[in-house]
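Data file: data_28.cif. Format and content: mmCIF, C-alpha atoms.
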data_run
#
loop_
_atom_site.label_atom_id
_atom_site.label_comp_id
_atom_site.auth_asym_id
_atom_site.auth_seq_id
_atom_site.Cartn_x
_atom_site.Cartn_y
_atom_site.Cartn_z
CA MET A 61 116.27 93.70 95.08
CA ALA A 62 112.62 92.66 95.02
CA VAL A 63 109.21 92.68 96.59
CA ILE A 64 107.93 89.18 97.29
CA THR A 65 104.18 88.74 97.67
CA ILE A 66 102.95 85.51 99.21
CA SER A 67 99.45 84.08 98.97
CA ARG A 68 98.72 81.01 101.03
CA GLN A 69 96.10 78.49 102.02
CA VAL A 70 95.39 78.17 105.71
CA ALA A 71 97.81 75.66 107.31
CA ALA A 72 100.16 75.83 104.31
CA HIS A 73 102.91 77.29 106.52
CA GLY A 74 102.73 80.71 104.84
CA ASP A 75 104.06 82.73 107.77
CA GLU A 76 106.80 80.22 108.50
CA VAL A 77 108.07 80.13 104.91
CA ALA A 78 107.85 83.91 104.56
CA ALA A 79 109.73 84.52 107.80
CA ARG A 80 112.50 82.06 106.92
CA ALA A 81 112.87 83.40 103.36
CA ALA A 82 113.17 86.90 104.82
CA GLU A 83 115.99 85.68 107.06
CA ILE A 84 117.84 84.08 104.16
CA LEU A 85 117.50 87.14 101.92
CA GLY A 86 117.89 89.77 104.63
CA TYR A 87 114.45 91.15 103.76
CA LYS A 88 111.77 92.63 105.97
CA PHE A 89 108.78 90.34 106.59
CA VAL A 90 105.58 92.42 106.52
CA THR A 91 103.12 90.31 108.48
CA ARG A 92 99.35 90.12 108.37
CA LYS A 93 99.28 92.05 111.64
CA ASP A 94 101.54 94.79 110.25
CA ILE A 95 99.17 95.46 107.34
CA GLU A 96 96.11 95.29 109.61
CA GLN A 97 97.57 97.82 112.05
CA ARG A 98 98.51 100.17 109.21
CA ILE A 99 94.98 99.99 107.72
CA ILE A 100 93.57 100.95 111.12
CA SER A 101 96.11 103.74 111.66
CA LEU A 102 95.19 105.22 108.28
CA GLY A 103 91.63 105.66 109.53
CA PHE A 104 89.65 102.46 109.00
CA PRO A 105 87.58 101.56 112.09
CA GLU A 106 89.01 98.55 113.90
CA ASN A 107 85.55 97.21 114.72
CA LYS A 108 84.72 96.99 110.99
CA MET A 109 87.83 95.01 110.02
CA PRO A 110 86.19 91.58 110.52
CA LYS A 111 83.65 92.37 107.77
CA TYR A 112 86.30 92.85 105.08
CA ASP A 113 89.71 91.58 106.14
CA GLU A 114 90.58 88.60 103.91
CA ARG A 115 86.96 87.63 103.61
CA LYS A 116 84.17 88.15 101.12
CA PRO A 117 81.97 91.06 102.26
CA GLY A 118 78.38 90.17 103.03
CA PHE A 119 75.68 91.52 100.73
CA PHE A 120 75.05 94.76 102.63
CA ALA A 121 78.73 95.23 103.49
CA SER A 122 79.61 94.95 99.79
CA LEU A 123 77.31 97.91 99.05
CA ALA A 124 78.62 100.13 101.84
CA LYS A 125 81.09 102.96 101.50
CA ASP A 126 83.28 101.13 104.04
CA ARG A 127 84.14 98.55 101.40
CA ASP A 128 85.87 101.09 99.15
CA GLU A 129 87.56 102.73 102.15
CA TYR A 130 88.93 99.38 103.30
CA LEU A 131 90.27 98.66 99.81
CA ASN A 132 91.89 102.09 99.51
CA TYR A 133 93.59 101.80 102.90
CA ALA A 134 94.70 98.22 102.23
CA GLN A 135 96.27 99.23 98.91
CA MET A 136 97.97 102.16 100.62
CA ALA A 137 99.42 99.88 103.31
CA ILE A 138 100.65 97.37 100.71
CA LEU A 139 102.24 100.04 98.51
CA GLU A 140 103.93 101.69 101.50
CA ALA A 141 105.43 98.34 102.48
CA ALA A 142 106.56 97.67 98.91
CA ALA A 143 108.13 101.14 98.65
CA GLU A 144 110.49 100.27 101.51
CA LYS A 145 112.21 97.79 99.15
CA ASN A 146 113.42 94.27 99.89
CA SER A 147 110.28 93.11 101.63
CA ILE A 148 108.06 90.03 101.81
CA ILE A 149 104.35 90.85 102.07
CA ILE A 150 101.87 88.14 102.96
CA GLY A 151 98.15 88.11 102.19
CA ARG A 152 95.67 90.94 101.63
CA GLY A 153 95.79 90.51 97.86
CA ALA A 154 99.26 92.08 97.71
CA PHE A 155 100.13 89.94 94.68
CA ALA A 156 97.14 91.44 92.80
CA VAL A 157 98.02 95.02 93.79
CA LEU A 158 101.61 94.60 92.62
CA GLN A 159 100.95 92.24 89.72
CA SER A 160 102.29 94.58 87.03
CA VAL A 161 105.40 95.63 88.98
CA PRO A 162 108.60 94.28 87.32
CA ASN A 163 110.46 93.47 90.54
CA ASN A 164 107.54 91.71 92.22
CA ILE A 165 107.77 87.94 92.60
CA SER A 166 104.44 86.36 93.54
CA ILE A 167 104.38 83.00 95.32
CA ARG A 168 101.42 80.76 96.14
CA LEU A 169 101.77 78.24 99.00
CA VAL A 170 99.44 75.24 99.10
CA ALA A 171 99.24 71.81 100.70
CA ASP A 172 97.08 68.71 100.44
CA GLU A 173 93.90 68.98 102.51
CA LYS A 174 94.76 65.92 104.61
CA ILE A 175 98.06 67.53 105.57
CA ARG A 176 96.37 70.83 106.39
CA ILE A 177 93.81 69.03 108.56
CA GLN A 178 96.57 67.26 110.49
CA ARG A 179 98.51 70.50 110.99
CA LEU A 180 95.46 72.27 112.42
CA LYS A 181 94.69 69.31 114.67
CA ASN A 182 98.24 69.34 116.00
CA GLU A 183 98.38 73.10 116.49
CA PHE A 184 94.99 73.64 118.13
CA ASN A 185 94.16 70.16 119.44
CA TRP A 186 91.08 70.16 117.21
CA THR A 187 88.95 67.31 115.96
CA ASP A 188 88.79 66.38 112.27
CA LYS A 189 85.44 68.16 112.05
CA GLN A 190 86.81 71.40 113.52
CA ALA A 191 89.85 71.37 111.24
CA ILE A 192 87.79 70.67 108.12
CA GLN A 193 85.35 73.43 109.01
CA ARG A 194 88.20 75.91 109.47
CA ILE A 195 89.74 74.97 106.11
CA GLN A 196 86.45 75.26 104.25
CA GLU A 197 85.65 78.60 105.88
CA SER A 198 89.11 80.02 105.18
CA ASP A 199 89.26 78.80 101.57
CA THR A 200 85.80 80.22 100.86
CA ASN A 201 86.54 83.56 102.51
CA ARG A 202 89.87 84.06 100.76
CA ALA A 203 88.43 83.13 97.38
CA GLY A 204 85.53 85.55 97.95
CA PHE A 205 87.85 88.31 99.16
CA HIS A 206 90.06 88.19 96.07
CA ASN A 207 87.12 87.94 93.71
CA SER A 208 85.24 90.80 95.38
CA PHE A 209 88.12 93.24 95.79
CA TYR A 210 90.46 92.37 92.92
CA ASN A 211 88.31 90.36 90.49
CA VAL A 212 90.78 87.47 90.45
CA ASN A 213 90.48 83.75 91.09
CA ILE A 214 92.92 82.98 93.89
CA ASN A 215 93.16 79.36 92.67
CA ASP A 216 94.35 80.41 89.20
CA THR A 217 97.99 79.31 89.17
CA ALA A 218 98.69 81.57 86.17
CA LEU A 219 98.58 84.57 88.54
CA PHE A 220 101.80 83.52 90.26
CA HIS A 221 105.44 83.12 89.33
CA MET A 222 105.53 79.92 91.34
CA VAL A 223 103.26 77.62 93.34
CA LEU A 224 104.91 75.57 96.09
CA ASN A 225 103.40 72.56 97.84
CA THR A 226 104.50 72.75 101.48
CA GLY A 227 103.08 69.30 102.04
CA LEU A 228 105.93 68.00 99.90
CA LEU A 229 108.49 70.67 100.81
CA GLY A 230 109.44 71.55 104.35
CA VAL A 231 109.59 75.15 105.54
CA GLU A 232 113.35 75.34 105.03
CA GLN A 233 113.22 73.84 101.55
CA ALA A 234 110.40 76.12 100.45
CA ALA A 235 112.16 79.20 101.83
CA VAL A 236 115.39 78.29 100.03
CA VAL A 237 113.47 77.86 96.75
CA VAL A 238 111.79 81.26 97.18
CA ALA A 239 115.13 82.95 97.92
CA GLY A 240 116.79 81.28 94.96
CA VAL A 241 114.08 82.31 92.52
CA VAL A 242 114.26 85.93 93.67
CA GLU A 243 118.01 86.07 93.29
CA LYS A 244 117.84 84.53 89.81
CA LEU A 245 114.87 86.39 88.34
CA VAL A 246 115.11 89.99 89.53
CA THR A 247 117.65 92.07 87.62
CA PRO A 248 118.91 95.53 88.58
CA GLN A 249 116.86 96.90 85.67
CA ASP A 250 113.73 95.20 87.03
CA GLU A 251 114.42 96.66 90.45
CA GLU A 252 114.84 100.19 89.12
CA LYS A 253 111.71 100.05 86.95
CA GLY A 254 109.72 98.38 89.70
CA GLN A 255 110.59 100.91 92.37
CA LYS A 256 109.68 103.80 90.08
CA GLN A 257 106.33 102.15 89.33
CA ILE A 258 105.63 101.53 93.01
CA GLU A 259 106.39 105.17 93.82
CA LEU A 260 103.91 106.31 91.14
CA MET A 261 101.27 103.86 92.34
CA LEU A 262 101.73 105.04 95.93
CA GLN A 263 101.48 108.67 94.88
CA ALA A 264 98.28 107.89 92.97
CA GLN A 265 96.80 106.07 95.98
CA LYS A 266 97.60 109.02 98.23
CA ILE A 267 95.61 111.25 95.87
CA VAL A 268 92.64 108.86 96.06
CA ASN A 269 92.74 108.78 99.85
CA MET A 270 93.11 112.55 100.04
CA LEU A 271 90.00 113.10 97.91
CA ILE A 272 87.98 110.59 99.90
CA THR A 273 89.08 111.28 103.48
CA LYS A 274 90.15 114.93 103.50
CA TYR A 275 87.71 116.39 100.99
CA LEU A 276 84.92 113.78 101.22
CA ILE A 277 84.56 113.63 97.43
CA ASN A 278 81.77 111.23 96.47
CA ILE A 279 83.09 109.43 93.38
CA GLU A 280 82.39 105.71 93.19
CA PHE A 281 85.20 103.31 92.22
CA LEU A 282 87.63 106.23 92.35
CA HIS A 283 91.16 105.47 91.26
CA VAL A 284 94.04 107.50 89.88
CA SER A 285 96.71 106.81 87.30
CA ILE A 286 99.84 108.85 86.70
CA GLU A 287 101.47 108.88 83.27
CA ASP A 288 104.58 110.99 82.85
CA ASN A 289 103.51 114.40 84.17
CA THR A 290 99.77 113.76 83.88
CA ILE A 291 97.36 112.72 86.63
CA ILE A 292 94.16 111.04 85.42
CA LEU A 293 91.12 110.58 87.64
CA HIS A 294 88.83 107.58 87.03
CA GLY A 295 85.49 106.60 88.54
CA ILE A 296 81.76 107.29 88.43
CA ALA A 297 80.04 110.48 89.65
CA ASP A 298 76.45 111.64 89.44
CA SER A 299 77.28 115.21 88.36
CA THR A 300 79.89 117.17 86.45
CA ALA A 301 80.18 119.48 89.45
CA ILE A 302 81.68 116.69 91.56
CA SER A 303 84.10 115.76 88.80
CA GLU A 304 85.20 119.38 88.36
CA LYS A 305 85.61 119.81 92.11
CA ALA A 306 87.90 116.78 92.24
CA LEU A 307 89.93 118.12 89.32
CA ASN A 308 90.33 121.53 90.96
CA ILE A 309 91.40 119.99 94.27
CA VAL A 310 94.04 117.77 92.70
CA GLN A 311 95.33 120.63 90.55
CA SER A 312 95.67 122.77 93.69
CA GLU A 313 97.30 120.03 95.75
CA MET A 314 99.60 118.81 92.96
CA PRO A 315 101.00 121.89 91.22
CA GLY A 316 103.20 121.15 88.25
CA TYR A 317 101.04 118.28 87.03
CA VAL A 318 98.49 118.24 84.24
CA VAL A 319 95.25 116.89 85.72
CA LYS A 320 92.67 115.19 83.51
CA SER A 321 89.36 113.47 84.13
CA ALA A 322 88.23 110.09 82.86
CA ILE A 323 85.33 110.13 85.34
CA SER A 324 82.04 108.87 83.93
CA ILE A 325 78.99 110.99 84.71
CA VAL A 326 75.84 108.96 85.35
CA GLN A 327 72.96 111.23 86.29
CA ASP A 328 70.89 108.63 88.11
CA PHE A 329 73.87 107.02 89.84
CA LYS A 330 73.29 106.95 93.59
CA HIS A 331 75.80 106.25 96.30
CA THR A 332 74.84 102.88 97.73
CA THR A 333 75.70 103.19 101.40
CA GLY A 334 73.70 100.25 102.63
CA ILE A 335 70.64 101.24 100.58
CA ILE A 336 69.02 99.04 97.97
#

The structure in this file should be written as structure tokens.
Amino acid sequence: MAVITISRQVAAHGDEVAARAAEILGYKFVTRKDIEQRIISLGFPENKMPKYDERKPGFFASLAKDRDEYLNYAQMAILEAAAEKNSIIIGRGAFAVLQSVPNNISIRLVADEKIRIQRLKNEFNWTDKQAIQRIQESDTNRAGFHNSFYNVNINDTALFHMVLNTGLLGVEQAAVVVAGVVEKLVTPQDEEKGQKQIELMLQAQKIVNMLITKYLINIEFLHVSIEDNTIILHGIADSTAISEKALNIVQSEMPGYVVKSAISIVQDFKHTTGII
């Protein structure tokens, strides 16, 4: 019926609520590890994951080509999971990727800091200082990650269908609420429209990854949109030759489509792979 995307604070019982809601609904729970493994299998180096994975990239990392590759692979992994239907996806900005999809229900899980501190102390036998440090680090990283990659404020409640306080609700109660909302809100029409949109988004992302990884096309901020039978390329290139090459490749690889360019040409634009 739906794709549920869950964003959570550390120690807000995100995994527990997601897993239980999946049991109630008969959905597949796509875990943090599942998405991570898929990103790596698509081609992103495992040793570079700690620089980008649910954290704000450092200054030099934010300028590197790896940043865009991580984002492209992460979006691919999220869209593949969503295309399987009836799934719950946690983290990685999945709610932002699928924000416009009619059958997506986005949930934010939070809890009072005192409760989160106590949960971390109980789970890891930490001191107050260790638990507070972990919370501050996680909250800062996740806020920076969403701002850097998706230009959204993770603490903006308007981004979500529902925000649940797991300090007031237990895991079972929260999971039942999530399941109930999904069953009430998502109509068959939403499901049909949503799945079609996800398929188009996935197809568009495959084109982006093909241009970047197979053909090594150097277009910054490259993304693709598909409208009816038309594929439109977006981004920034430093020559018309690169733009035309991308157009010719997509036209060859995607026969039957009209391929257009909305790529901006900036003559002095330089690829910033770790160079200032």

### Task
Have a look at A:Lys174, A:His206, A:Lys125, A:Lys181 and name the one nearest to Val157 (chain A); count all atoms listed in the file.
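Counting all atoms listed in the file, the residue closest to Val157 (chain A) is A:His206.
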
### Task
Name the residues in contact with Ala234 (chain A) at a cut-off of 10 Å, using all atoms listed in the file, excluding same-chain residues fewer than 4 positions from it; report them as a ChimeraX atom specification.
/A:73-74,76-78,80-81,169,224-226,228-230,238-240

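Residue nearest Ile99 (chain A), chosen from A:Lys111, A:Met136, A:Ala79, A:Glu173 and counting all atoms listed in the file: A:Met136.
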
### Task
Take the point (100.9, 95.4, 108.8) as written in the file and pick out every residue within 10 Å of it, counting only C-alpha atoms; give the list as a ChimeraX atom specification.
/A:89-100,134,137-138,141,149-150,152

### Query
Residues picked by the PyMOL selection byres ((chain A and resi 192-200) around 9) here, as a list in words?
Gln69, Val70, Ala71, Glu114, Arg115, Lys116, Glu173, Arg176, Ile177, Leu180, Thr187, Asp188, Lys189, Gln190, Ala191, Asn201, Arg202, Ala203, Gly204 and Phe205 of chain A

Restricted to C-alpha atoms, what would the selected residues look like written as a PDB file, in the frame of the given file?
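Result went into result39.pdb, see below:
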ATOM      1  CA  GLN A  69      96.100  78.490 102.020  1.00  0.00           C
ATOM      2  CA  VAL A  70      95.390  78.170 105.710  1.00  0.00           C
ATOM      3  CA  ALA A  71      97.810  75.660 107.310  1.00  0.00           C
ATOM      4  CA  GLU A 114      90.580  88.600 103.910  1.00  0.00           C
ATOM      5  CA  ARG A 115      86.960  87.630 103.610  1.00  0.00           C
ATOM      6  CA  LYS A 116      84.170  88.150 101.120  1.00  0.00           C
ATOM      7  CA  GLU A 173      93.900  68.980 102.510  1.00  0.00           C
ATOM      8  CA  ARG A 176      96.370  70.830 106.390  1.00  0.00           C
ATOM      9  CA  ILE A 177      93.810  69.030 108.560  1.00  0.00           C
ATOM     10  CA  LEU A 180      95.460  72.270 112.420  1.00  0.00           C
ATOM     11  CA  THR A 187      88.950  67.310 115.960  1.00  0.00           C
ATOM     12  CA  ASP A 188      88.790  66.380 112.270  1.00  0.00           C
ATOM     13  CA  LYS A 189      85.440  68.160 112.050  1.00  0.00           C
ATOM     14  CA  GLN A 190      86.810  71.400 113.520  1.00  0.00           C
ATOM     15  CA  ALA A 191      89.850  71.370 111.240  1.00  0.00           C
ATOM     16  CA  ASN A 201      86.540  83.560 102.510  1.00  0.00           C
ATOM     17  CA  ARG A 202      89.870  84.060 100.760  1.00  0.00           C
ATOM     18  CA  ALA A 203      88.430  83.130  97.380  1.00  0.00           C
ATOM     19  CA  GLY A 204      85.530  85.550  97.950  1.00  0.00           C
ATOM     20  CA  PHE A 205      87.850  88.310  99.160  1.00  0.00           C
TER      21      PHE A 205
END

#### Entry: Answer as a list in words, residues within 8 Å of (94.9, 106.7, 91.0) using only C-alpha atoms
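The residues near that point, listed by chain and number, are Met261, Gln263, Ala264, Gln265, Ile267, Val268, Leu282, His283, Val284, Ser285, Ile286, Ile291, Ile292, Leu293 and His294 of chain A.
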
### Among listed residues A:Thr290, A:Val318, A:Lys88, A:Phe209, nearest Tyr112 (chain A) (using all atoms listed in the file)
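Looking at the shortest contact to Tyr112 (chain A), the residue is A:Phe209.
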
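Here CA of Ala322 (chain A) is placed at a distance of 10.6 Å from CA of Ala297 (chain A).
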
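Counting only C-alpha atoms, the residue from A:Ala156, A:Ala235, A:Ile325, A:Met61 that sits nearest to Gln135 (chain A) is A:Ala156.
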
### Task
Please evaluate the PyMOL selection byres ((chain A and resi 242) around 12) against the displayed coordinates and give the resulting residues as a VMD selection string.
chain A and resid 61 to 65 81 to 82 84 to 85 87 146 to 148 162 to 167 221 to 222 235 to 241 243 to 248 250 to 251

### Query
What does the distance from CA of Tyr133 (chain A) to CA of Phe104 (chain A) come to in Å, to one decimal?
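Separation of CA of Tyr133 (chain A) and CA of Phe104 (chain A): 7.3 Å.
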
### Query
Mind pulling up the distance from CA of Asn289 (chain A) to CA of Gly316 (chain A)?
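That distance, rounded to one decimal, is 7.9 Å.
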
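Among A:Leu260, A:Leu219, A:Ala301, A:Leu139, the residue with the shortest atom-to-atom distance to Asn278 (chain A), counting only C-alpha atoms, is A:Ala301.
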
### Among the residues A:Gly153, A:Gln178, A:Ala171, A:Asp75, the one that comes closest to Asn207 (chain A) [using only C-alpha atoms]
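Residue with the minimum atom-to-atom distance to Asn207 (chain A): A:Gly153.
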
### Message
List as a count of residues only the protein and nucleic acid residues near Ile258 (chain A), meaning an atom at most 7 Å away when all atoms listed in the file are counted, but skip any in the same chain fewer than 4 places from it.
### Response
4

Identify all residues satisfying the PyMOL selection byres ((chain A and resi 274) around 12) in the given file; provide them as a PDB file with C-alpha atoms, in the coordinates of the input.
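Produced file selection_13.pdb, reproduced below:
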ATOM      1  CA  LEU A 102      95.190 105.220 108.280  1.00  0.00           C
ATOM      2  CA  GLY A 103      91.630 105.660 109.530  1.00  0.00           C
ATOM      3  CA  LYS A 266      97.600 109.020  98.230  1.00  0.00           C
ATOM      4  CA  ILE A 267      95.610 111.250  95.870  1.00  0.00           C
ATOM      5  CA  VAL A 268      92.640 108.860  96.060  1.00  0.00           C
ATOM      6  CA  ASN A 269      92.740 108.780  99.850  1.00  0.00           C
ATOM      7  CA  MET A 270      93.110 112.550 100.040  1.00  0.00           C
ATOM      8  CA  LEU A 271      90.000 113.100  97.910  1.00  0.00           C
ATOM      9  CA  ILE A 272      87.980 110.590  99.900  1.00  0.00           C
ATOM     10  CA  THR A 273      89.080 111.280 103.480  1.00  0.00           C
ATOM     11  CA  TYR A 275      87.710 116.390 100.990  1.00  0.00           C
ATOM     12  CA  LEU A 276      84.920 113.780 101.220  1.00  0.00           C
ATOM     13  CA  ILE A 277      84.560 113.630  97.430  1.00  0.00           C
ATOM     14  CA  ASN A 278      81.770 111.230  96.470  1.00  0.00           C
ATOM     15  CA  ALA A 306      87.900 116.780  92.240  1.00  0.00           C
ATOM     16  CA  ILE A 309      91.400 119.990  94.270  1.00  0.00           C
ATOM     17  CA  VAL A 310      94.040 117.770  92.700  1.00  0.00           C
ATOM     18  CA  GLU A 313      97.300 120.030  95.750  1.00  0.00           C
TER      19      GLU A 313
END
